[in-house]
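Enquirer: Quick one: the structure is below, questions incoming.
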Amino acid sequence: MTPDPLVLENVTKRFGSFTAVDDLSFNVPQGQILSFLGPNGAGKSTSLRIALGIMDADAGKVALFGGKPTVSSLRRVGFLPEERGLYKKMTARATIEYFARLKGLSAGEARARTDELLEATGLGEFRTTSISKLSKGMAQKVQILSTLAHKPDFLILDEPFSGLDPVNQQALEDLIRSEHKRGATILFSTHVMEHAERLSDRIIMMARGRKVFDGTLEEGLSALGKGVRLSVEDGFDLQAALAPKGFDAEQLPEDGLRPEWRVALPAGKGPQDVLRAAIEAGAPIVSFLPEEARLRDVFVALSSEADAEALRRDELETQHVA
Amino acid sequence: MWHSIFLVFQRDYFGYVKAWGFWLSLMAVPFFMIIGASMAVLAAETTPERYYTVVEEGSVYADAIEGEFVRAFQREQEYAEEMIGNLEIELPQGQASQNAGAIIDDRKFHLITSPEQSIEGLRPYLTGEKLVDGPVGAKPLFAAFILSADGQALEYWSNDVNVDTLRYYAETAMVRLARTQGLEAEGLTGDFLNALDDGALSVKAKRLRNDVAASDAASDVTLADKAPTYVAGALSYFLWLMVFSIIQYLLMGTIEERSNKIFDTLLTSIKLPELLTGKLLAVFAVTSTMMVCWGLFAIVGGGVISAQMPGVSDVLTPLLSALADPKLLIIGLLSFVLGYLMYGVMFMALGSLCDTIQEAQTLLSPMMILLMLPMFAILLAFQDPGSPIVDIATWIPLFTPFLLILRMPTDPPLWEVLGQLALMAVTTSLIMWGATRVYRAGAVHGAGIGDLMKMFGRKKIST
């Protein structure tokens, strides 16, 4: 049986008194796109560096293609680190060729593959331009191409979307899909939930070094539960009005406007049932909105308030940078 | 493994070689050597010829000063002849000796008859308002010696207080004149002192040789006897120069990679020791390229000079045969490799702890001091390679690579050589082990200089 590209078992990493990764276990099966979610400082990058043998764990086991990370197993991996870096004086072509050759390609193969990738991504005319003269986005593209040049079996991308504008984010999503179609297993970390929603077969959520969720998008959303949101005129007690009809209404924190209530949907009941019950109870309804659960809500529900706030801050920052 | 090392080596080597700085450094040494030599020749040739005069009754003091110029020339000529004799160089006919008169014509100070007899009268000549005629045409008077009214001092008047040569000659001449006059007062001739000097025994350096009788002229110490020490000194200095010049490459190269945040990418393709090896080899090759180029320049320059100046090839032959001594070559090679590794990894590790060039510059001062210590040891050992202090210093691994080479011409005991090599190898291994840890902490985990102490303790480096 072919071993999973990556298995982490009870991995812990501490820096002094700070626990960066706490008893983390997960595996990445062959052919899966796995997203690794969490705010900055959640322990994602540290986990990935441990997975690649760049950093040693204080406890636990790591298996890359069934064994300890070695040069030969690492040659099957393409890694895009969170902190991007290239040799500024090298040209785009020389950079991609260099990393492809370090991964075991011959000089001829590396040159051919480099030119193919540069042409395919619209960088052909910049092949002899030094990295220092490329725009930040182009340099990032070159780094991503350096990761892919040797056609790795397993791609590990640490925050691949950060620093990219929306057009290039979309292009990268397409690239990830095409690599997956080629047969590569993909693990990428992000704090932007939308990428994970669109790309992932499976999601792992991290908060403060601990895994708080591991499953599919559907499993995450179903864990959250469904509900509706209602706004009513001041002074009306929706809880008292709906309780006799079998619905539990909870008033949400005041936002300075009208009182807003969340009504959880019991099994077998839909939003229409809540609306009907509220009208029958004479509720002065101002607005009615069935909840559309998102991955962010899953994270908020599963992690602490501070982690949710950290995630919101990271997302705002990413939008600002893009 | 070697393929990866080669790739790192190739990238770094061509990265350095393609940089402007490399070519500037390469050209700088020959350029400044040519400029320096030209300046020396130009300075000698362009030093103006100057006039001086002596105001006195008669010409006692003037003759004494002129006589000092002649004696200085004779001393130089005798020294040159002795040196040529030591080198065993056959000079072509006509060049073997020169007459003193020719040299006197070359000298830069000419005695002229004083146009005035007082300092007030000479003032316009000394300030250049008036010119005096002499062997090289009309010129201002450079200096005038005037005997004081009481006859107790010879006053030296000149508008240029920076050139003291003439005054020094006059001072020496006055001492000699006083001695001569003293001897004459005792009824001895003026040449008596010179005859005494000429009659002094010469001291000839000899060396016992197994295959030569002590009375044989072949026992004389020649350049061939001193060549091994000269060559060992040159090799030792060459190693020091190499270590000195790699500092900037290793520091700047590592800082660039750390600031480029490229290590994570590299370390998923290559092991850290392989990366370090490739980098060290590249810097070694860069400095070797420079040294080879400079060496070629020296050989070509030496060839040109040999063609122009007979006898220079006689100097080079014993030096080259000393360089070809297998004993010196083997020890030199081992010292080069171990010394380069020891200092190279040390600087590379320190560079990995710096984020900026400014930060690295704060490290440069202690590094320079560290490197000046072997330099002092080299100077000491060059003067006396067999001294006990040099023997002891050779056991200190930081000095061993430099001093062991220098001691080889003195034939130290084999056990000492092997022991010092072994100690140097062990120390180099330890330094490499420590440096790899420091490098990993700095380059991979982002540790700074402040974290250096923690690295060898139990505390973890925070990231």
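Going by the structure tokens order, chains are called A, B, ..., each with residues numbered from 1, while ligands are numbered from 1 in the order shown.
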Just the residues within 9 Å of Phe188 of chain A, please, counting only C-alpha atoms, with nothing from its chain fewer than 5 positions along; format it as a list in words.

Expert: Ile33, Leu34, Ser35, Phe36, Leu37, Leu155, Ile156, Leu157, Asp158, Glu159, Pro160 and Ala196 of chain A

Enquirer: Using N, CA and C atoms, can you export the residues from the last selection as an mmCIF file, in the first residue's frame?

Expert:
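In the end it all went to part-v6.cif:
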data_model
loop_
_atom_site.group_PDB
_atom_site.id
_atom_site.type_symbol
_atom_site.label_atom_id
_atom_site.label_comp_id
_atom_site.auth_asym_id
_atom_site.auth_seq_id
_atom_site.Cartn_x
_atom_site.Cartn_y
_atom_site.Cartn_z
ATOM 1 N N ILE A 33 -6.750 17.628 -1.677
ATOM 2 C CA ILE A 33 -6.383 19.040 -1.448
ATOM 3 C C ILE A 33 -6.822 19.357 -0.023
ATOM 4 N N LEU A 34 -5.847 19.593 0.799
ATOM 5 C CA LEU A 34 -6.126 19.857 2.215
ATOM 6 C C LEU A 34 -5.772 21.296 2.536
ATOM 7 N N SER A 35 -6.707 22.009 3.135
ATOM 8 C CA SER A 35 -6.351 23.369 3.553
ATOM 9 C C SER A 35 -6.172 23.408 5.059
ATOM 10 N N PHE A 36 -5.207 24.214 5.411
ATOM 11 C CA PHE A 36 -4.754 24.305 6.793
ATOM 12 C C PHE A 36 -5.113 25.718 7.230
ATOM 13 N N LEU A 37 -6.141 25.847 8.072
ATOM 14 C CA LEU A 37 -6.690 27.170 8.362
ATOM 15 C C LEU A 37 -6.372 27.638 9.778
ATOM 16 N N LEU A 155 2.561 19.012 -3.022
ATOM 17 C CA LEU A 155 2.813 20.455 -2.960
ATOM 18 C C LEU A 155 2.417 20.977 -1.588
ATOM 19 N N ILE A 156 3.335 21.662 -0.938
ATOM 20 C CA ILE A 156 3.015 22.293 0.345
ATOM 21 C C ILE A 156 3.172 23.799 0.163
ATOM 22 N N LEU A 157 2.074 24.501 0.270
ATOM 23 C CA LEU A 157 2.083 25.941 0.011
ATOM 24 C C LEU A 157 1.668 26.672 1.286
ATOM 25 N N ASP A 158 2.593 27.440 1.811
ATOM 26 C CA ASP A 158 2.323 28.144 3.070
ATOM 27 C C ASP A 158 1.861 29.565 2.737
ATOM 28 N N GLU A 159 0.632 29.847 3.011
ATOM 29 C CA GLU A 159 0.018 31.148 2.699
ATOM 30 C C GLU A 159 0.304 31.565 1.240
ATOM 31 N N PRO A 160 -0.069 30.749 0.288
ATOM 32 C CA PRO A 160 0.308 31.068 -1.102
ATOM 33 C C PRO A 160 -0.390 32.298 -1.657
ATOM 34 N N ALA A 196 -10.160 28.306 0.885
ATOM 35 C CA ALA A 196 -10.334 26.939 1.378
ATOM 36 C C ALA A 196 -11.696 26.396 0.952
#

Enquirer: Need the shell around segment 290-296 of chain B: protein/DNA/RNA residues with any atom at most 8 Å away, counting only C-alpha atoms. Skip same-chain ones fewer than 4 positions apart. Format as a list of chain:residue names?

Expert: B:Leu26, B:Val29, B:Pro30, B:Val286, B:Val300

Enquirer: Compile the residues of chain B that lie within 12 Å of chain A, evaluated using only C-alpha atoms, and express the compilation as an MDAnalysis selection string.

Expert: chainID B and resid 1:12 14:16 18:19 253:272 274:275 440:441 443:446 454 458:463

Enquirer: Give me, as an MDAnalysis selection string, the residues of segment 141-277 of chain B that a backbone DSSP run labels alpha helix (DSSP H).

Expert: chainID B and resid 165:185 192:199 223:260 263:266 272:277

Enquirer: Considering only strand (DSSP E or B) as DSSP defines it on the backbone, what residues of segment 175-234 of chain A qualify? List them as number ranges by chain.

Expert: A: 185-190, 202-207, 210-215, 227-232

Enquirer: Could those selected residues go to a file with C-alpha atoms, as a short mmCIF file (atom, residue, chain, number, x, y, z; two decimals), in the first residue's frame?

Expert:
data_model
loop_
_atom_site.label_atom_id
_atom_site.label_comp_id
_atom_site.auth_asym_id
_atom_site.auth_seq_id
_atom_site.Cartn_x
_atom_site.Cartn_y
_atom_site.Cartn_z
CA THR A 185 -1.44 16.02 -3.49
CA ILE A 186 -1.79 19.53 -2.13
CA LEU A 187 -1.60 21.00 1.34
CA PHE A 188 -1.93 24.74 1.65
CA SER A 189 -2.25 27.00 4.64
CA THR A 190 -4.29 30.16 4.65
CA ARG A 202 -10.69 18.61 3.49
CA ILE A 203 -10.03 21.30 6.07
CA ILE A 204 -7.96 21.40 9.23
CA MET A 205 -8.50 24.36 11.53
CA MET A 206 -5.81 25.44 13.96
CA ALA A 207 -6.04 27.82 16.90
CA ARG A 210 -4.17 23.02 18.57
CA LYS A 211 -6.30 21.38 15.94
CA VAL A 212 -9.90 22.50 16.46
CA PHE A 213 -11.49 20.90 13.40
CA ASP A 214 -10.60 18.22 10.85
CA GLY A 215 -13.13 17.31 8.19
CA GLY A 227 -30.89 29.14 11.93
CA VAL A 228 -32.62 32.34 10.85
CA ARG A 229 -32.18 35.95 11.86
CA LEU A 230 -35.13 38.21 12.56
CA SER A 231 -35.45 41.90 13.36
CA VAL A 232 -38.59 43.04 15.13
#

Enquirer: Within 12 Å of Trp261 of chain A, counting only C-alpha atoms, which residues show up once you throw out same-chain ones fewer than 2 positions away? Write them as number ranges by chain, please.

Expert: A: 227-234, 236-239, 242, 247-255, 258-259, 263-264, 274, 278, 283, 285-291
